[in-house]
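Content type mmCIF, C-alpha atoms, from the file upload05.cif:
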data_upload
#
loop_
_atom_site.label_atom_id
_atom_site.label_comp_id
_atom_site.auth_asym_id
_atom_site.auth_seq_id
_atom_site.Cartn_x
_atom_site.Cartn_y
_atom_site.Cartn_z
CA MET K 6 -97.04 -224.36 -56.58
CA SER K 7 -99.82 -226.83 -56.39
CA ASP K 8 -100.62 -230.02 -58.21
CA LEU K 9 -103.68 -228.84 -60.08
CA ASP K 10 -104.81 -230.60 -63.21
CA ILE K 11 -104.00 -227.86 -65.74
CA LYS K 12 -105.51 -228.43 -69.17
CA VAL K 13 -103.87 -225.59 -71.12
CA LYS K 14 -100.79 -223.52 -70.27
CA VAL K 15 -100.21 -220.10 -71.81
CA ASP K 16 -96.93 -218.21 -71.62
CA ALA K 17 -97.69 -214.52 -72.01
CA SER K 18 -94.27 -213.42 -70.67
CA GLY K 19 -93.03 -210.17 -72.14
CA LEU K 20 -96.39 -209.27 -73.64
CA SER K 21 -97.96 -205.91 -72.89
CA CYS K 22 -101.56 -205.07 -72.05
CA PRO K 23 -104.04 -206.25 -73.29
CA LEU K 24 -102.32 -209.30 -74.81
CA PRO K 25 -102.11 -211.48 -71.66
CA ILE K 26 -105.89 -211.13 -71.21
CA LEU K 27 -106.58 -211.76 -74.90
CA ARG K 28 -104.37 -214.88 -74.88
CA ALA K 29 -106.09 -216.11 -71.73
CA ALA K 30 -109.57 -215.57 -73.15
CA GLN K 31 -108.53 -217.41 -76.30
CA ALA K 32 -107.22 -220.35 -74.25
CA MET K 33 -110.39 -220.42 -72.14
CA LYS K 34 -112.40 -220.95 -75.31
CA SER K 35 -110.47 -224.16 -75.97
CA VAL K 36 -111.42 -225.85 -72.67
CA GLN K 37 -114.63 -227.25 -71.20
CA THR K 38 -116.55 -226.33 -68.05
CA GLY K 39 -114.52 -226.99 -64.91
CA GLU K 40 -111.21 -227.33 -66.72
CA LEU K 41 -108.22 -225.19 -65.77
CA VAL K 42 -106.05 -222.80 -67.75
CA GLU K 43 -102.72 -221.46 -66.46
CA ILE K 44 -101.30 -218.16 -67.65
CA VAL K 45 -97.86 -216.76 -66.89
CA ALA K 46 -97.35 -213.04 -67.51
CA THR K 47 -94.71 -210.44 -66.68
CA ASP K 48 -96.96 -207.39 -67.10
CA PRO K 49 -97.48 -206.07 -63.52
CA GLY K 50 -100.85 -204.65 -64.58
CA SER K 51 -102.08 -208.17 -65.24
CA VAL K 52 -102.58 -208.80 -61.50
CA LYS K 53 -105.51 -206.40 -61.33
CA ASP K 54 -106.57 -207.16 -64.88
CA PHE K 55 -107.06 -210.88 -64.32
CA ASP K 56 -109.10 -210.13 -61.23
CA ALA K 57 -111.30 -207.75 -63.26
CA TRP K 58 -111.54 -210.25 -66.09
CA ALA K 59 -112.63 -213.05 -63.74
CA ARG K 60 -115.23 -210.82 -62.07
CA SER K 61 -116.59 -209.64 -65.38
CA THR K 62 -116.82 -213.05 -67.06
CA GLY K 63 -117.75 -215.20 -64.06
CA ASN K 64 -114.84 -217.56 -64.64
CA ALA K 65 -113.06 -218.29 -61.36
CA LEU K 66 -109.53 -217.18 -60.61
CA VAL K 67 -108.62 -220.20 -58.48
CA GLU K 68 -104.95 -219.56 -57.91
CA GLN K 69 -102.60 -216.65 -58.25
CA ASP K 70 -98.98 -216.16 -57.29
CA ALA K 71 -95.91 -214.07 -58.08
CA SER K 72 -92.27 -215.04 -58.18
CA GLY K 73 -89.20 -213.52 -59.79
CA GLY K 74 -91.15 -210.92 -61.78
CA LYS K 75 -93.53 -213.54 -63.15
CA PHE K 76 -97.20 -213.61 -62.35
CA ARG K 77 -99.08 -216.88 -62.56
CA PHE K 78 -102.84 -217.22 -62.79
CA VAL K 79 -105.02 -220.32 -62.81
CA LEU K 80 -108.50 -219.88 -64.22
CA ARG K 81 -111.38 -222.32 -64.11
CA HIS K 82 -113.81 -222.32 -67.01
CA LYS K 83 -117.37 -221.58 -65.88
CA MET H 13 -88.44 -221.38 -56.49
CA THR H 14 -90.43 -219.60 -53.82
CA ALA H 15 -93.81 -218.45 -54.91
CA VAL H 16 -95.76 -215.82 -53.05
CA ALA H 17 -99.41 -216.72 -53.04
CA ILE H 18 -101.84 -213.88 -53.58
CA ALA H 19 -105.33 -214.56 -52.27
CA PRO H 20 -107.63 -214.56 -55.29
CA SER H 21 -110.28 -211.95 -54.67
CA ALA H 22 -112.61 -213.14 -57.40
CA GLN H 23 -114.46 -215.69 -55.33
CA PRO H 24 -115.62 -218.84 -57.07
CA ALA H 25 -118.97 -218.14 -55.36
CA THR H 26 -119.85 -215.75 -58.17
CA GLU H 27 -118.73 -218.25 -60.77
CA GLY H 28 -120.84 -218.30 -63.88
CA SER H 29 -123.47 -215.95 -62.47
CA VAL H 30 -122.61 -212.65 -64.12
CA LYS H 31 -124.89 -210.56 -66.27
CA THR H 32 -123.68 -209.95 -69.83
CA LYS H 33 -122.65 -206.32 -70.15
CA LYS H 34 -122.97 -204.26 -73.30
CA LEU H 35 -120.42 -201.79 -74.59
CA VAL H 36 -120.67 -199.42 -77.53
CA ILE H 37 -117.66 -197.59 -78.93
CA VAL H 38 -118.12 -194.85 -81.50
CA ASP H 39 -114.95 -194.85 -83.59
CA TYR H 40 -115.03 -191.33 -84.97
CA SER H 41 -111.55 -189.80 -85.22
CA GLY H 42 -109.43 -192.22 -87.26
CA GLU H 43 -106.15 -190.99 -85.74
CA LEU H 44 -103.49 -193.55 -84.84
CA GLU H 45 -103.48 -193.09 -81.07
CA LYS H 46 -107.26 -193.04 -80.85
CA THR H 47 -107.58 -196.01 -83.19
CA TRP H 48 -105.19 -197.81 -80.86
CA ALA H 49 -107.43 -197.00 -77.89
CA THR H 50 -110.50 -198.23 -79.77
CA MET H 51 -108.85 -201.51 -80.72
CA ILE H 52 -107.42 -202.19 -77.25
CA LEU H 53 -110.76 -201.57 -75.57
CA ALA H 54 -112.82 -203.41 -78.20
CA SER H 55 -110.63 -206.54 -78.17
CA THR H 56 -110.47 -206.59 -74.36
CA ALA H 57 -114.22 -206.05 -74.03
CA GLY H 58 -114.75 -208.98 -76.39
CA ALA H 59 -112.35 -211.08 -74.32
CA MET H 60 -114.32 -210.04 -71.21
CA GLU H 61 -117.40 -211.50 -72.89
CA MET H 62 -119.06 -208.13 -73.16
CA GLU H 63 -121.44 -207.71 -76.07
CA THR H 64 -119.40 -205.14 -77.95
CA SER H 65 -120.40 -203.00 -80.92
CA VAL H 66 -118.15 -200.45 -82.58
CA PHE H 67 -120.04 -197.87 -84.64
CA VAL H 68 -117.59 -196.73 -87.28
CA THR H 69 -118.24 -193.24 -88.56
CA PHE H 70 -116.67 -190.25 -90.31
CA TRP H 71 -112.83 -190.31 -90.21
CA GLY H 72 -113.08 -193.58 -88.30
CA LEU H 73 -114.47 -195.32 -91.39
CA GLN H 74 -111.13 -194.75 -93.17
CA THR H 75 -109.55 -197.15 -90.66
CA PHE H 76 -111.76 -199.98 -91.91
CA VAL H 77 -110.96 -199.63 -95.60
CA LYS H 78 -108.69 -202.48 -96.70
CA ASP H 79 -104.99 -201.63 -96.22
CA LYS H 80 -104.16 -202.37 -99.84
CA LYS H 81 -106.97 -200.17 -101.18
CA ARG H 82 -105.33 -196.89 -102.16
CA ILE H 83 -108.09 -194.76 -103.70
CA THR H 84 -111.79 -194.91 -102.82
CA GLY H 85 -114.72 -192.89 -104.12
CA GLU H 86 -116.67 -192.36 -107.30
CA ASN H 87 -116.09 -188.72 -108.20
CA TRP H 88 -112.93 -186.62 -108.23
CA MET H 89 -113.61 -185.00 -104.86
CA GLN H 90 -114.04 -188.32 -103.09
CA LYS H 91 -110.98 -189.70 -104.85
CA MET H 92 -108.98 -186.63 -103.88
CA MET H 93 -110.06 -187.04 -100.24
CA SER H 94 -108.83 -190.63 -100.13
CA PHE H 95 -105.62 -189.67 -101.93
CA MET H 96 -104.84 -187.02 -99.33
CA GLN H 97 -105.43 -189.31 -96.33
CA ARG H 98 -104.39 -192.85 -97.06
CA PRO H 99 -107.07 -195.27 -95.82
CA GLY H 100 -106.51 -198.50 -93.86
CA VAL H 101 -105.79 -199.48 -90.26
CA SER H 102 -102.03 -199.65 -90.92
CA HIS H 103 -101.89 -196.12 -92.33
CA ARG H 104 -103.25 -194.00 -89.49
CA LYS H 105 -101.58 -190.71 -88.60
CA LEU H 106 -100.83 -189.32 -85.14
CA SER H 107 -102.80 -186.23 -84.14
CA LYS H 108 -99.55 -184.73 -82.84
CA MET H 109 -95.91 -185.41 -83.66
CA ASN H 110 -96.80 -187.09 -86.93
CA PHE H 111 -93.79 -185.49 -88.70
CA MET H 112 -94.67 -186.79 -92.17
CA GLY H 113 -94.95 -190.36 -90.90
CA MET H 114 -91.82 -190.30 -88.73
CA GLY H 115 -93.97 -190.30 -85.55
CA PRO H 116 -96.02 -193.40 -86.44
CA TRP H 117 -92.85 -195.16 -87.63
CA MET H 118 -91.27 -194.60 -84.22
CA MET H 119 -94.46 -195.63 -82.44
CA PHE H 120 -94.49 -198.95 -84.30
CA LYS H 121 -90.78 -199.46 -83.57
CA LEU H 122 -91.44 -198.91 -79.87
CA ALA H 123 -94.53 -201.11 -79.95
CA LYS H 124 -92.46 -203.95 -81.40
CA LYS H 125 -89.72 -203.47 -78.80
CA TYR H 126 -92.20 -203.58 -75.90
CA ASN H 127 -94.45 -206.30 -77.33
CA VAL H 128 -97.42 -204.00 -77.74
CA ALA H 129 -99.89 -205.30 -80.31
CA LYS H 130 -100.53 -203.10 -83.35
CA PRO H 131 -104.03 -201.77 -84.07
CA LYS H 132 -104.30 -204.17 -87.03
CA ASP H 133 -103.58 -207.23 -84.84
CA LEU H 134 -105.97 -206.02 -82.14
CA LEU H 135 -108.67 -205.46 -84.75
CA GLU H 136 -108.31 -209.05 -85.93
CA MET H 137 -108.38 -210.30 -82.34
CA ALA H 138 -111.49 -208.21 -81.65
CA GLN H 139 -113.24 -209.72 -84.65
CA ALA H 140 -112.19 -213.21 -83.50
CA VAL H 141 -113.89 -212.69 -80.12
CA GLY H 142 -117.12 -211.52 -81.73
CA VAL H 143 -116.85 -207.72 -81.63
CA GLN H 144 -119.20 -206.22 -84.21
CA PHE H 145 -117.87 -203.37 -86.34
CA ILE H 146 -120.77 -201.47 -87.86
CA PRO H 147 -120.19 -198.91 -90.61
CA CYS H 148 -122.15 -195.67 -90.85
CA GLN H 149 -124.16 -195.60 -94.08
CA MET H 150 -124.05 -191.82 -94.42
CA THR H 151 -120.23 -191.77 -94.15
CA MET H 152 -119.98 -194.48 -96.80
CA ASP H 153 -122.15 -192.38 -99.14
CA LEU H 154 -120.28 -189.16 -98.36
CA PHE H 155 -116.86 -190.62 -99.12
CA GLY H 156 -118.11 -192.98 -101.83
CA ILE H 157 -116.83 -196.00 -99.89
CA LYS H 158 -118.36 -199.30 -100.99
CA ARG H 159 -118.80 -202.41 -98.88
CA GLU H 160 -116.15 -204.21 -100.92
CA ASP H 161 -113.68 -201.41 -100.04
CA LEU H 162 -114.10 -202.32 -96.35
CA ILE H 163 -112.36 -205.18 -94.54
CA ASP H 164 -114.15 -208.53 -94.32
CA GLY H 165 -116.50 -209.25 -91.45
CA MET H 166 -118.03 -205.78 -91.07
CA GLY H 167 -121.68 -205.55 -90.03
CA GLU H 168 -124.55 -204.14 -92.09
CA PRO H 169 -124.25 -200.36 -92.59
CA VAL H 170 -126.67 -198.46 -90.35
CA GLY H 171 -127.67 -194.92 -89.48
CA ALA H 172 -127.76 -192.64 -86.44
CA ALA H 173 -131.02 -194.09 -85.09
CA THR H 174 -129.60 -197.61 -84.87
CA ALA H 175 -126.41 -196.24 -83.32
CA LEU H 176 -128.42 -194.34 -80.70
CA GLN H 177 -130.53 -197.37 -79.94
CA LEU H 178 -127.38 -199.42 -79.35
CA MET H 179 -126.00 -196.68 -77.08
CA THR H 180 -129.12 -196.30 -74.96
CA GLU H 181 -129.29 -200.07 -74.43
CA ALA H 182 -125.58 -200.34 -73.56
CA ASP H 183 -124.04 -200.29 -70.08
CA SER H 184 -121.35 -197.95 -71.35
CA THR H 185 -120.65 -195.91 -74.46
CA LEU H 186 -117.36 -194.38 -75.57
CA PHE H 187 -116.88 -191.77 -78.28
CA ILE H 188 -113.31 -192.01 -79.55
#
Kindly return the structure encoded in the file as structure tokens.
Amino acid sequence: MSDLDIKVKVDASGLSCPLPILRAAQAMKSVQTGELVEIVATDPGSVKDFDAWARSTGNALVEQDASGGKFRFVLRHK
Amino acid sequence: MTAVAIAPSAQPATEGSVKTKKLVIVDYSGELEKTWATMILASTAGAMEMETSVFVTFWGLQTFVKDKKRITGENWMQKMMSFMQRPGVSHRKLSKMNFMGMGPWMMFKLAKKYNVAKPKDLLEMAQAVGVQFIPCQMTMDLFGIKREDLIDGMGEPVGAATALQLMTEADSTLFI
């Protein structure tokens, strides 16, 4: 864990594809350029999906980790 | 709590510098499982900031009639058609294992258990992220479906030429 200045936190635990991505995109709309959004998901597919989402949108995936079946992503608004 | 860091492969170097991609989905079949596919891909494409258009035609148009609208059409044949296949996104049938509605009922039960969003929810989410749903004018005429029969937020009805123009300008087109 790091001490990043997270603006919005989204808990997408238990949600199936494509909901974690949809929730993340929604949260990203609520923040400004440079601000960070953290998403926690349990869908194992979300690891590749967040990578694809970041590549496609140009928003940066600045941090990513997994622990106890939970996947955590930190995204920076472009 | 020990966290395993995974090196992010989307490098911030590419941040903000991506070209907007265009996706066209032709929603043709109107069956539950295919409607599900359309809604998942449309909502995700919208969330991926792709310029997404869904051309809604033939059986697919039935999906976009308001759920509470039971009968559409002007003459008895059109009315009969809508009577025999209930319109609306919440009333789609499976192409196999429908079993008089038993199949879809079980699918929705399972979807709820595994937190899978229903086509109706995904449709609303797709609209919220700017996905354009464009009805086919010819299908509307054929089935006697009026604009007020369709859900709110649909685009202007268009024809095959506009649909083809959208497809040829898109990065990818899906016919579902």
Wanna dump the stretch 65-184 of chain H-stretch 11-20 of chain K contacts at 8 Å for me, each residue with its shortest atom pair and the distance in Å to one decimal, counting only C-alpha atoms, ordered by chain and number, as a Markdown table?
| residue | atom | partner | partner_atom | distance |
| --- | --- | --- | --- | --- |
| H:Tyr126 | CA | K:Leu20 | CA | 7.4 |
| H:Asn127 | CA | K:Leu20 | CA | 5.1 |
| H:Val128 | CA | K:Leu20 | CA | 6.8 |
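Comparing the minimum interatomic distances between chain H and each of K:Asp48, K:Phe76, K:Leu27, K:Gln37, counting only C-alpha atoms, we find that K:Leu27 sits nearest.
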Kindly indicate which residue among H:Thr50, H:Pro116, H:Val141, H:Ala57 lies nearest to K:Met33, using only C-alpha atoms for the distances.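 When distances to K:Met33 are compared using only C-alpha atoms, the smallest one comes from H:Val141.
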Output as a ChimeraX atom specification the set of chain K residues within 7 Å of chain H, with distances taken over only C-alpha atoms. /K:6,19-21,23,27,30,56,58-72,83
Return as a list in words the set of residues that the PyMOL selection byres ((chain H and resi 77) around 9) yields on the displayed structure. Leu73, Gln74, Thr75, Phe76, Lys78, Asp79, Lys80, Lys81, Thr84, Pro99, Gly100, Val101, Ile157, Arg159, Glu160, Asp161, Leu162 and Ile163 of chain H
Using all atoms listed in the file, which residues sit within 12 Å of stretch 166-180 of chain H once same-chain residues fewer than 6 positions away are excluded, as a ChimeraX atom specification? /H:34-39,63-70,73,76-78,135-136,138-139,142-153,157-160,186-187
Just how far from atom CA of H:Lys130 is atom CA of H:Trp117, in Å to one decimal?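 Atom CA of H:Trp117 sits 11.8 Å away from atom CA of H:Lys130.
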Calculated over only C-alpha atoms, which of the candidates K:Gln31, K:Glu40, K:Asp8, K:Cys22 has the smallest distance to K:Lys53? K:Cys22
Among listed residues K:Val45, K:Ile26, K:Leu9, K:Ala32, nearest K:His82 (using only C-alpha atoms):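 The shortest atom-to-atom distance to K:His82 comes from K:Ala32.
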Two-atom distance - atom CA of H:Lys132, atom CA of H:Met51 (Å): 8.2 Å
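Note that the spacing between atom CA of K:Phe55 and atom CA of K:Val42 amounts to 12.4 Å.
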Using only C-alpha atoms: which of H:Thr47, H:Asn110, H:Ser41, H:Ser94 has the shortest distance to H:Pro131: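 Closest to H:Pro131 of all the choices is H:Thr47.
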Atoms added to stretch 14-46 of chain K (N, CA and C atoms), reported as a PDB file, in the frame of the given file:
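Wrote it out as part27.pdb, contents follow:
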ATOM      1  N   LYS K  14    -101.713-224.493 -70.857  1.00  0.00           N
ATOM      2  CA  LYS K  14    -100.790-223.520 -70.270  1.00  0.00           C
ATOM      3  C   LYS K  14    -100.453-222.453 -71.321  1.00  0.00           C
ATOM      4  N   VAL K  15    -100.497-221.196 -70.893  1.00  0.00           N
ATOM      5  CA  VAL K  15    -100.210-220.100 -71.810  1.00  0.00           C
ATOM      6  C   VAL K  15     -99.054-219.277 -71.244  1.00  0.00           C
ATOM      7  N   ASP K  16     -98.024-219.067 -72.062  1.00  0.00           N
ATOM      8  CA  ASP K  16     -96.930-218.210 -71.620  1.00  0.00           C
ATOM      9  C   ASP K  16     -97.080-216.842 -72.280  1.00  0.00           C
ATOM     10  N   ALA K  17     -97.508-215.882 -71.485  1.00  0.00           N
ATOM     11  CA  ALA K  17     -97.690-214.520 -72.010  1.00  0.00           C
ATOM     12  C   ALA K  17     -96.565-213.613 -71.493  1.00  0.00           C
ATOM     13  N   SER K  18     -95.414-214.194 -71.173  1.00  0.00           N
ATOM     14  CA  SER K  18     -94.270-213.420 -70.670  1.00  0.00           C
ATOM     15  C   SER K  18     -93.806-212.410 -71.711  1.00  0.00           C
ATOM     16  N   GLY K  19     -93.543-211.202 -71.248  1.00  0.00           N
ATOM     17  CA  GLY K  19     -93.030-210.170 -72.140  1.00  0.00           C
ATOM     18  C   GLY K  19     -94.111-209.411 -72.884  1.00  0.00           C
ATOM     19  N   LEU K  20     -95.315-209.939 -72.886  1.00  0.00           N
ATOM     20  CA  LEU K  20     -96.390-209.270 -73.640  1.00  0.00           C
ATOM     21  C   LEU K  20     -97.004-208.138 -72.832  1.00  0.00           C
ATOM     22  N   SER K  21     -97.349-207.067 -73.544  1.00  0.00           N
ATOM     23  CA  SER K  21     -97.960-205.910 -72.890  1.00  0.00           C
ATOM     24  C   SER K  21     -99.481-205.984 -72.961  1.00  0.00           C
ATOM     25  N   CYS K  22    -100.102-205.215 -72.094  1.00  0.00           N
ATOM     26  CA  CYS K  22    -101.560-205.070 -72.050  1.00  0.00           C
ATOM     27  C   CYS K  22    -102.077-204.724 -73.444  1.00  0.00           C
ATOM     28  N   PRO K  23    -103.161-205.275 -73.946  1.00  0.00           N
ATOM     29  CA  PRO K  23    -104.040-206.250 -73.290  1.00  0.00           C
ATOM     30  C   PRO K  23    -103.758-207.697 -73.698  1.00  0.00           C
ATOM     31  N   LEU K  24    -102.570-207.972 -74.254  1.00  0.00           N
ATOM     32  CA  LEU K  24    -102.320-209.300 -74.810  1.00  0.00           C
ATOM     33  C   LEU K  24    -102.438-210.468 -73.811  1.00  0.00           C
ATOM     34  N   PRO K  25    -101.929-210.343 -72.560  1.00  0.00           N
ATOM     35  CA  PRO K  25    -102.110-211.480 -71.660  1.00  0.00           C
ATOM     36  C   PRO K  25    -103.590-211.874 -71.475  1.00  0.00           C
ATOM     37  N   ILE K  26    -104.451-210.869 -71.375  1.00  0.00           N
ATOM     38  CA  ILE K  26    -105.890-211.130 -71.210  1.00  0.00           C
ATOM     39  C   ILE K  26    -106.468-211.756 -72.490  1.00  0.00           C
ATOM     40  N   LEU K  27    -106.062-211.230 -73.635  1.00  0.00           N
ATOM     41  CA  LEU K  27    -106.580-211.760 -74.900  1.00  0.00           C
ATOM     42  C   LEU K  27    -106.144-213.209 -75.103  1.00  0.00           C
ATOM     43  N   ARG K  28    -104.876-213.498 -74.756  1.00  0.00           N
ATOM     44  CA  ARG K  28    -104.370-214.880 -74.880  1.00  0.00           C
ATOM     45  C   ARG K  28    -105.123-215.810 -73.922  1.00  0.00           C
ATOM     46  N   ALA K  29    -105.382-215.304 -72.723  1.00  0.00           N
ATOM     47  CA  ALA K  29    -106.090-216.110 -71.730  1.00  0.00           C
ATOM     48  C   ALA K  29    -107.517-216.415 -72.191  1.00  0.00           C
ATOM     49  N   ALA K  30    -108.187-215.392 -72.695  1.00  0.00           N
ATOM     50  CA  ALA K  30    -109.570-215.570 -73.150  1.00  0.00           C
ATOM     51  C   ALA K  30    -109.627-216.572 -74.298  1.00  0.00           C
ATOM     52  N   GLN K  31    -108.622-216.490 -75.169  1.00  0.00           N
ATOM     53  CA  GLN K  31    -108.530-217.410 -76.300  1.00  0.00           C
ATOM     54  C   GLN K  31    -108.363-218.863 -75.780  1.00  0.00           C
ATOM     55  N   ALA K  32    -107.473-219.017 -74.814  1.00  0.00           N
ATOM     56  CA  ALA K  32    -107.220-220.350 -74.250  1.00  0.00           C
ATOM     57  C   ALA K  32    -108.449-220.891 -73.533  1.00  0.00           C
ATOM     58  N   MET K  33    -109.183-220.006 -72.867  1.00  0.00           N
ATOM     59  CA  MET K  33    -110.390-220.420 -72.140  1.00  0.00           C
ATOM     60  C   MET K  33    -111.448-220.970 -73.080  1.00  0.00           C
ATOM     61  N   LYS K  34    -111.430-220.474 -74.319  1.00  0.00           N
ATOM     62  CA  LYS K  34    -112.400-220.950 -75.310  1.00  0.00           C
ATOM     63  C   LYS K  34    -112.118-222.396 -75.718  1.00  0.00           C
ATOM     64  N   SER K  35    -110.853-222.826 -75.514  1.00  0.00           N
ATOM     65  CA  SER K  35    -110.470-224.160 -75.970  1.00  0.00           C
ATOM     66  C   SER K  35    -110.717-225.245 -74.910  1.00  0.00           C
ATOM     67  N   VAL K  36    -111.184-224.847 -73.713  1.00  0.00           N
ATOM     68  CA  VAL K  36    -111.420-225.850 -72.670  1.00  0.00           C
ATOM     69  C   VAL K  36    -112.909-225.929 -72.294  1.00  0.00           C
ATOM     70  N   GLN K  37    -113.235-227.005 -71.597  1.00  0.00           N
ATOM     71  CA  GLN K  37    -114.630-227.250 -71.200  1.00  0.00           C
ATOM     72  C   GLN K  37    -114.882-226.738 -69.774  1.00  0.00           C
ATOM     73  N   THR K  38    -116.140-226.728 -69.395  1.00  0.00           N
ATOM     74  CA  THR K  38    -116.550-226.330 -68.050  1.00  0.00           C
ATOM     75  C   THR K  38    -115.781-227.104 -66.978  1.00  0.00           C
ATOM     76  N   GLY K  39    -115.238-226.360 -66.019  1.00  0.00           N
ATOM     77  CA  GLY K  39    -114.520-226.990 -64.910  1.00  0.00           C
ATOM     78  C   GLY K  39    -113.048-227.196 -65.157  1.00  0.00           C
ATOM     79  N   GLU K  40    -112.628-227.111 -66.407  1.00  0.00           N
ATOM     80  CA  GLU K  40    -111.210-227.330 -66.720  1.00  0.00           C
ATOM     81  C   GLU K  40    -110.384-226.075 -66.420  1.00  0.00           C
ATOM     82  N   LEU K  41    -109.086-226.283 -66.202  1.00  0.00           N
ATOM     83  CA  LEU K  41    -108.220-225.190 -65.770  1.00  0.00           C
ATOM     84  C   LEU K  41    -107.235-224.725 -66.846  1.00  0.00           C
ATOM     85  N   VAL K  42    -107.022-223.420 -66.852  1.00  0.00           N
ATOM     86  CA  VAL K  42    -106.050-222.800 -67.750  1.00  0.00           C
ATOM     87  C   VAL K  42    -105.047-222.030 -66.897  1.00  0.00           C
ATOM     88  N   GLU K  43    -103.759-222.194 -67.195  1.00  0.00           N
ATOM     89  CA  GLU K  43    -102.720-221.460 -66.460  1.00  0.00           C
ATOM     90  C   GLU K  43    -102.070-220.438 -67.368  1.00  0.00           C
ATOM     91  N   ILE K  44    -101.937-219.226 -66.871  1.00  0.00           N
ATOM     92  CA  ILE K  44    -101.300-218.160 -67.650  1.00  0.00           C
ATOM     93  C   ILE K  44    -100.128-217.601 -66.848  1.00  0.00           C
ATOM     94  N   VAL K  45     -98.996-217.424 -67.524  1.00  0.00           N
ATOM     95  CA  VAL K  45     -97.860-216.760 -66.890  1.00  0.00           C
ATOM     96  C   VAL K  45     -97.612-215.458 -67.642  1.00  0.00           C
ATOM     97  N   ALA K  46     -97.563-214.350 -66.899  1.00  0.00           N
ATOM     98  CA  ALA K  46     -97.350-213.040 -67.510  1.00  0.00           C
ATOM     99  C   ALA K  46     -96.289-212.279 -66.728  1.00  0.00           C
TER     100      ALA K  46
END
